[in-house]
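Have a look at input_12.txt below; it lists compact mmCIF, C-alpha atoms.
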```txt
# COMPACT_ATOMS: atom_id res chain seq x y z
CA MET P 8 65.05 -12.45 28.88
CA GLU P 9 63.41 -12.93 32.28
CA ALA P 10 59.75 -13.88 32.05
CA ARG P 11 57.32 -11.65 33.92
CA ASN P 12 54.11 -13.33 35.05
CA ASP P 13 50.78 -12.13 36.27
CA GLN P 14 50.42 -13.17 39.87
CA ASN P 15 46.88 -14.51 39.58
CA THR P 16 46.77 -18.29 39.36
CA GLU P 17 50.08 -18.20 37.45
CA ASN P 18 53.67 -18.30 38.70
CA ILE P 19 54.61 -15.76 41.34
CA SER P 20 57.87 -13.80 41.40
CA PRO P 21 60.28 -14.51 44.29
CA GLU P 22 59.26 -11.27 46.02
CA VAL P 23 55.62 -12.38 46.05
CA SER P 24 56.03 -15.86 47.48
CA ASP P 25 52.90 -17.45 48.92
CA ASN P 26 54.68 -20.19 50.88
CA LYS P 27 52.19 -21.73 53.37
CA GLY P 28 49.89 -18.72 52.98
CA ILE P 29 52.26 -16.59 55.04
CA HIS P 30 50.60 -13.38 53.83
CA ASP P 31 46.96 -14.50 54.25
CA GLY P 32 46.65 -12.78 57.62
CA HIS P 33 47.91 -9.50 56.20
CA ARG P 34 45.42 -9.66 53.35
CA GLN P 35 42.59 -10.32 55.78
CA ARG P 36 43.66 -7.36 57.91
CA ILE P 37 43.74 -5.04 54.88
CA ARG P 38 40.26 -6.15 53.84
CA ALA P 39 38.91 -5.84 57.39
CA ARG P 40 40.33 -2.33 57.69
CA PHE P 41 38.73 -1.31 54.40
CA SER P 42 35.36 -2.77 55.46
CA LYS P 43 35.50 -0.89 58.75
CA GLU P 44 37.07 2.45 57.78
CA GLY P 45 36.77 2.80 54.01
CA ILE P 46 39.73 3.90 51.92
CA ASP P 47 40.15 7.54 52.98
CA HIS P 48 43.01 6.92 55.41
CA PHE P 49 44.87 4.40 53.26
CA ALA P 50 48.31 5.48 52.04
CA GLU P 51 48.82 5.40 48.27
CA HIS P 52 50.76 2.14 48.38
CA GLU P 53 47.99 0.60 50.51
CA VAL P 54 45.36 1.61 47.95
CA LEU P 55 47.39 -0.11 45.26
CA GLU P 56 47.92 -3.11 47.50
CA LEU P 57 44.17 -3.43 48.03
CA ALA P 58 43.54 -3.17 44.28
CA LEU P 59 46.27 -5.66 43.39
CA MET P 60 44.91 -8.16 45.89
CA GLN P 61 41.74 -8.43 43.82
CA ILE P 62 43.59 -9.68 40.73
CA ILE P 63 46.73 -11.23 42.24
CA LYS P 64 45.22 -13.93 44.39
CA ARG P 65 48.27 -15.07 46.36
CA GLY P 66 51.34 -13.65 48.01
CA ASP P 67 52.60 -10.27 49.16
CA VAL P 68 51.74 -7.53 46.66
CA ASN P 69 53.12 -4.72 48.83
CA PRO P 70 56.49 -4.62 46.96
CA VAL P 71 54.66 -4.43 43.63
CA GLY P 72 52.64 -1.44 44.84
CA HIS P 73 55.81 0.33 45.93
CA ARG P 74 57.49 -0.37 42.59
CA LEU P 75 54.52 1.10 40.74
CA LEU P 76 54.63 4.28 42.83
CA ASP P 77 58.40 4.58 42.54
CA HIS P 78 58.16 4.32 38.75
CA PHE P 79 55.08 6.44 38.01
CA GLY P 80 55.24 8.86 40.93
CA SER P 81 51.62 8.89 42.10
CA LEU P 82 48.50 6.80 42.40
CA ALA P 83 46.78 8.77 39.63
CA ALA P 84 49.75 8.30 37.32
CA VAL P 85 49.64 4.54 37.90
CA PHE P 86 45.97 4.36 36.92
CA ASP P 87 46.51 6.72 33.96
CA ALA P 88 49.42 4.67 32.59
CA ASP P 89 48.81 2.55 29.51
CA GLU P 90 49.00 -1.20 29.75
CA GLU P 91 52.32 -1.48 27.91
CA GLU P 92 54.01 0.84 30.42
CA LEU P 93 52.48 -1.00 33.36
CA CYS P 94 53.81 -4.31 32.06
CA LYS P 95 57.35 -2.97 32.32
CA ILE P 96 57.09 -3.14 36.12
CA ASN P 97 58.36 -6.38 37.68
CA GLY P 98 55.38 -8.31 38.98
CA ILE P 99 52.85 -6.77 36.57
CA GLY P 100 51.63 -8.93 33.71
CA GLU P 101 48.98 -8.39 31.07
CA GLN P 102 45.96 -9.30 33.21
CA THR P 103 47.03 -7.08 36.09
CA ALA P 104 47.88 -4.20 33.74
CA PHE P 105 44.44 -4.52 32.13
CA PHE P 106 42.79 -4.49 35.56
CA LEU P 107 44.65 -1.36 36.72
CA HIS P 108 43.93 0.44 33.45
CA LEU P 109 40.26 -0.51 33.73
CA LEU P 110 39.73 0.99 37.19
CA PRO P 111 39.55 4.70 36.24
CA GLN P 112 37.21 3.87 33.35
CA LEU P 113 34.88 2.08 35.77
CA PHE P 114 35.00 5.08 38.09
CA LYS P 115 34.25 7.36 35.15
CA ARG P 116 31.08 5.45 34.30
CA TYR P 117 30.09 5.41 37.97
CA ALA P 118 30.62 9.17 38.32
CA LEU P 119 28.78 9.96 35.07
CA ASP P 120 25.87 7.78 36.12
CA LYS P 121 25.60 9.69 39.40
CA CYS P 122 25.67 12.99 37.49
CA ASN P 123 22.86 11.79 35.23
CA ILE P 124 20.60 11.54 38.27
CA VAL P 125 20.65 15.36 38.37
CA GLY P 126 18.13 15.66 35.52
CA THR P 127 18.58 19.35 34.72
CA TYR P 128 21.94 21.09 34.41
CA ASP P 129 20.68 24.54 35.30
CA ASN P 130 23.91 25.85 36.82
CA ILE P 131 27.60 25.73 36.02
CA GLY P 132 28.38 23.72 39.15
CA LYS P 133 26.33 20.75 37.92
CA ILE P 134 27.92 20.97 34.48
CA SER P 135 31.37 21.18 36.05
CA ASP P 136 30.72 18.02 38.07
CA TYR P 137 29.64 16.25 34.90
CA LEU P 138 32.69 17.44 32.99
CA HIS P 139 35.13 16.41 35.71
CA ALA P 140 33.59 12.93 35.60
CA LEU P 141 33.75 12.95 31.80
CA TYR P 142 37.46 13.81 31.83
CA THR P 143 38.36 11.06 34.29
CA GLY P 144 41.37 9.19 32.94
CA VAL P 145 41.87 11.60 30.00
CA VAL P 146 45.53 12.60 30.07
CA HIS P 147 45.64 14.55 26.80
CA GLU P 148 43.65 17.55 25.58
CA ARG P 149 40.15 16.73 24.38
CA VAL P 150 37.18 18.80 23.23
CA TYR P 151 33.58 17.90 24.06
CA LEU P 152 30.27 19.41 22.97
CA LEU P 153 27.29 19.21 25.32
CA LEU P 154 23.81 19.71 23.86
CA PHE P 155 20.87 20.85 26.02
CA ASP P 156 17.13 21.22 25.50
CA ASN P 157 15.18 24.27 26.67
CA ALA P 158 14.74 22.77 30.14
CA MET P 159 18.54 22.41 30.42
CA ARG P 160 18.33 18.63 30.22
CA LEU P 161 21.34 17.03 28.60
CA ILE P 162 20.43 15.74 25.14
CA ASP P 163 23.82 14.30 24.17
CA THR P 164 27.57 14.63 24.54
CA TYR P 165 29.98 14.47 21.60
CA LYS P 166 33.74 14.16 21.49
CA ILE P 167 34.69 16.77 18.91
CA SER P 168 38.44 16.24 18.78
CA ASP P 169 41.57 15.13 20.59
CA GLY P 170 44.36 17.65 20.84
CA SER P 171 44.58 21.36 21.58
CA VAL P 172 41.74 23.75 20.88
CA ASN P 173 42.35 25.49 17.59
CA CYS P 174 40.42 26.40 14.48
CA ALA P 175 41.75 23.40 12.57
CA ALA P 176 40.75 20.84 15.21
CA ILE P 177 37.29 22.24 15.84
CA THR P 178 35.08 22.43 12.78
CA VAL P 179 32.52 25.15 13.44
CA ARG P 180 30.22 23.71 10.78
CA LYS P 181 30.22 20.31 12.53
CA ILE P 182 29.19 21.90 15.82
CA VAL P 183 26.35 23.84 14.22
CA GLU P 184 25.15 20.74 12.35
CA LEU P 185 25.14 18.64 15.53
CA ALA P 186 23.20 21.32 17.41
CA LEU P 187 20.61 21.58 14.64
CA THR P 188 20.30 17.81 14.09
CA LYS P 189 19.68 17.21 17.80
CA HIS P 190 17.32 20.22 18.08
CA ALA P 191 19.46 21.70 20.85
CA ALA P 192 18.27 24.86 22.56
CA GLY P 193 21.78 25.64 23.79
CA VAL P 194 25.26 24.17 23.83
CA VAL P 195 28.31 24.08 26.08
CA LEU P 196 31.77 23.62 24.64
CA ALA P 197 34.44 22.15 26.92
CA HIS P 198 38.10 21.32 26.72
CA ASN P 199 40.66 20.33 29.30
CA HIS P 200 44.11 21.54 30.30
CA PRO P 201 45.70 18.36 31.68
CA ARG P 202 47.97 19.23 34.62
CA GLY P 203 47.61 22.88 33.64
CA LEU P 204 45.81 26.02 34.75
CA PRO P 205 42.27 27.06 33.73
CA ILE P 206 43.50 30.06 31.78
CA ALA P 207 42.21 30.80 28.29
CA SER P 208 44.78 31.07 25.50
CA GLY P 209 44.47 33.23 22.41
CA ASN P 210 43.29 30.15 20.47
CA ASP P 211 40.67 29.43 23.14
CA LEU P 212 39.26 32.95 22.80
CA GLU P 213 39.30 32.90 18.99
CA VAL P 214 37.51 29.53 18.80
CA THR P 215 34.94 30.72 21.33
CA ARG P 216 34.16 33.84 19.28
CA ASN P 217 33.89 31.87 16.03
CA ILE P 218 31.56 29.24 17.45
CA ASP P 219 29.45 31.80 19.30
CA SER P 220 29.05 33.80 16.10
CA ALA P 221 28.14 30.75 14.01
CA LEU P 222 25.59 29.47 16.50
CA SER P 223 23.98 32.88 16.84
CA THR P 224 23.06 32.76 13.12
CA VAL P 225 20.81 29.77 13.86
CA ALA P 226 19.53 31.21 17.17
CA ILE P 227 21.26 28.62 19.38
CA PRO P 228 23.21 30.21 22.22
CA LEU P 229 26.66 29.11 23.22
CA ILE P 230 25.85 28.90 26.92
CA GLU P 231 29.48 28.60 27.93
CA HIS P 232 32.92 27.41 26.88
CA ILE P 233 34.46 25.76 29.93
CA ILE P 234 38.13 24.99 30.51
CA VAL P 235 38.47 21.98 32.82
CA THR P 236 41.49 21.15 34.94
CA GLU P 237 41.95 18.46 37.55
CA ASN P 238 40.48 20.49 40.42
CA SER P 239 38.92 23.58 38.87
CA TYR P 240 37.36 25.16 35.80
CA ALA P 241 37.03 28.52 34.05
CA ALA P 242 34.17 30.05 32.07
CA ILE P 243 35.36 31.79 28.92
CA VAL P 244 32.09 33.22 27.59
CA ARG P 245 31.24 34.95 30.84
CA SER P 246 34.61 36.68 30.87
CA GLN P 247 34.05 37.87 27.29
CA LYS P 248 30.33 38.70 27.18
CA GLY P 249 29.06 38.92 30.74
CA MET P 250 25.48 37.85 31.40
CA LEU P 251 23.57 39.85 28.79
CA ARG P 252 23.08 36.88 26.51
CA ALA P 253 20.21 34.86 25.10
CA SER P 254 18.82 32.24 27.46
CA PRO P 255 18.41 28.71 26.04
CA VAL P 256 15.13 28.54 27.94
CA THR P 257 13.41 31.57 26.39
CA GLY P 258 15.71 32.49 23.53
CA LEU P 259 15.67 36.07 24.83
CA ILE P 260 18.35 38.19 26.48
CA ASP P 261 18.04 37.14 30.10
CA GLU P 262 20.48 38.37 32.74
CA GLY P 263 18.44 36.60 35.42
CA PHE P 264 18.98 33.19 33.82
CA TYR P 265 22.74 33.67 33.81
CA LYS P 266 22.86 34.98 37.37
CA SER P 267 21.20 31.74 38.43
CA PHE P 268 23.39 29.71 36.07
CA TYR P 269 26.59 31.14 37.53
CA LEU P 270 25.23 30.84 41.10
CA ASP P 271 25.56 34.61 41.65
```
Reformat the file's structure so that it appears as structure tokens.
Amino acid sequence: MEARNDQNTENISPEVSDNKGIHDGHRQRIRARFSKEGIDHFAEHEVLELALMQIIKRGDVNPVGHRLLDHFGSLAAVFDADEEELCKINGIGEQTAFFLHLLPQLFKRYALDKCNIVGTYDNIGKISDYLHALYTGVVHERVYLLLFDNAMRLIDTYKISDGSVNCAAITVRKIVELALTKHAAGVVLAHNHPRGLPIASGNDLEVTRNIDSALSTVAIPLIEHIIVTENSYAAIVRSQKGMLRASPVTGLIDEGFYKSFYLD
């Protein structure tokens, strides 16, 4: 079996030869272009080339970038791939696979940290930004619970389950207990449709009704149940109940709060 090596300080495959530093000038030009222009106008293979240069210290990594794109189909798919799959590509070893797999997780923390600067999540746009950051790198369905105080500050975020939204996966009692334990004034439920549309299924609607009903018995409003996709989102509760609902701020029916929340 042919050995496949990380091209760091280890052996380099024939297609990534570093004889007499022949590719040093190209690397310098790529870095200079990034420093001057940023990454917006880089082609996908150039983005990968720039990333690979940081872990593969010598040689031409352009062919490796092209092989990654040819195999996975897109830049996002490369970064979403698990390390075992990445290591199947000629020129990618364990260290490089780890580095590529790490990048979206670093971005996720960066994006979440920027969202946390917001302070109060008093409209659905701010919550959507937070959720899109939270779902960075998540390629399967996942359910999150967001807990808010009565100033709409985020108290905590919990991963409720992995997999599709259904009554078996989401324990209503667990959600109510978390909301009570954390003294939440209101909650937002969220789940994603990876590579899908933000359209509620029958299960989505049933789970929403069950959780809304359970939380109402302890006077904690379900502010919204949000379906998140790569570039959009949908609000289930609004479509079912409109804006005549209890505000987490006052605990009273408050159409004005929800008009502001939905940016109407």
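In this model, the gap between CA of Tyr240 (chain P) and CA of Leu222 (chain P) comes to 23.0 Å.
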### Query
Hey, which of P:Val125, P:Ile131, P:His232, P:Gly209 ends up closest to Leu152 (chain P)? Count only C-alpha atoms.
P:His232
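Atom to atom, CA of Ile99 (chain P) and CA of Ala84 (chain P) stand 15.4 Å apart.
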### Message
Calculated over all atoms listed in the file, which of the candidates P:Asn97, P:Val256, P:Val235, P:His200 has the smallest distance to Ala140 (chain P)?
### Response
P:Val235
### Message
Which residues are near Thr215 (chain P)? Cut-off 12 Å, all atoms listed in the file, ignore same chain within fewer than 2 positions. Put them as a ChimeraX atom specification.
### Response
/P:172-174,177-179,182,194-198,207-213,217-222,228-234,242-248
Residues from the last selection, C-alpha atoms, saved as a PDB file, in the frame of the given file:
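Dumped everything to selection_12.pdb:
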```pdb
ATOM      1  CA  VAL P 172      41.740  23.750  20.880  1.00  0.00           C
ATOM      2  CA  ASN P 173      42.350  25.490  17.590  1.00  0.00           C
ATOM      3  CA  CYS P 174      40.420  26.400  14.480  1.00  0.00           C
ATOM      4  CA  ILE P 177      37.290  22.240  15.840  1.00  0.00           C
ATOM      5  CA  THR P 178      35.080  22.430  12.780  1.00  0.00           C
ATOM      6  CA  VAL P 179      32.520  25.150  13.440  1.00  0.00           C
ATOM      7  CA  ILE P 182      29.190  21.900  15.820  1.00  0.00           C
ATOM      8  CA  VAL P 194      25.260  24.170  23.830  1.00  0.00           C
ATOM      9  CA  VAL P 195      28.310  24.080  26.080  1.00  0.00           C
ATOM     10  CA  LEU P 196      31.770  23.620  24.640  1.00  0.00           C
ATOM     11  CA  ALA P 197      34.440  22.150  26.920  1.00  0.00           C
ATOM     12  CA  HIS P 198      38.100  21.320  26.720  1.00  0.00           C
ATOM     13  CA  ALA P 207      42.210  30.800  28.290  1.00  0.00           C
ATOM     14  CA  SER P 208      44.780  31.070  25.500  1.00  0.00           C
ATOM     15  CA  GLY P 209      44.470  33.230  22.410  1.00  0.00           C
ATOM     16  CA  ASN P 210      43.290  30.150  20.470  1.00  0.00           C
ATOM     17  CA  ASP P 211      40.670  29.430  23.140  1.00  0.00           C
ATOM     18  CA  LEU P 212      39.260  32.950  22.800  1.00  0.00           C
ATOM     19  CA  GLU P 213      39.300  32.900  18.990  1.00  0.00           C
ATOM     20  CA  ASN P 217      33.890  31.870  16.030  1.00  0.00           C
ATOM     21  CA  ILE P 218      31.560  29.240  17.450  1.00  0.00           C
ATOM     22  CA  ASP P 219      29.450  31.800  19.300  1.00  0.00           C
ATOM     23  CA  SER P 220      29.050  33.800  16.100  1.00  0.00           C
ATOM     24  CA  ALA P 221      28.140  30.750  14.010  1.00  0.00           C
ATOM     25  CA  LEU P 222      25.590  29.470  16.500  1.00  0.00           C
ATOM     26  CA  PRO P 228      23.210  30.210  22.220  1.00  0.00           C
ATOM     27  CA  LEU P 229      26.660  29.110  23.220  1.00  0.00           C
ATOM     28  CA  ILE P 230      25.850  28.900  26.920  1.00  0.00           C
ATOM     29  CA  GLU P 231      29.480  28.600  27.930  1.00  0.00           C
ATOM     30  CA  HIS P 232      32.920  27.410  26.880  1.00  0.00           C
ATOM     31  CA  ILE P 233      34.460  25.760  29.930  1.00  0.00           C
ATOM     32  CA  ILE P 234      38.130  24.990  30.510  1.00  0.00           C
ATOM     33  CA  ALA P 242      34.170  30.050  32.070  1.00  0.00           C
ATOM     34  CA  ILE P 243      35.360  31.790  28.920  1.00  0.00           C
ATOM     35  CA  VAL P 244      32.090  33.220  27.590  1.00  0.00           C
ATOM     36  CA  ARG P 245      31.240  34.950  30.840  1.00  0.00           C
ATOM     37  CA  SER P 246      34.610  36.680  30.870  1.00  0.00           C
ATOM     38  CA  GLN P 247      34.050  37.870  27.290  1.00  0.00           C
ATOM     39  CA  LYS P 248      30.330  38.700  27.180  1.00  0.00           C
TER      40      LYS P 248
END
```
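Taking CA of His190 (chain P) as the reference point, CA of Gly170 (chain P) is found at 27.3 Å.
Residues with at least one atom no more than 12 Å from (25.4, 9.7, 37.5), using all atoms listed in the file, are Phe114, Lys115, Arg116, Tyr117, Ala118, Leu119, Asp120, Lys121, Cys122, Asn123, Ile124, Val125, Gly126, Lys133, Ile134, Asp136, Tyr137, Leu138, His139, Ala140 and Leu141 of chain P.
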### Minimum-distance residue to Phe264 (chain P), chosen among P:Glu51, P:Asp87, P:Glu44, P:Asp129 (using all atoms listed in the file)
P:Asp129
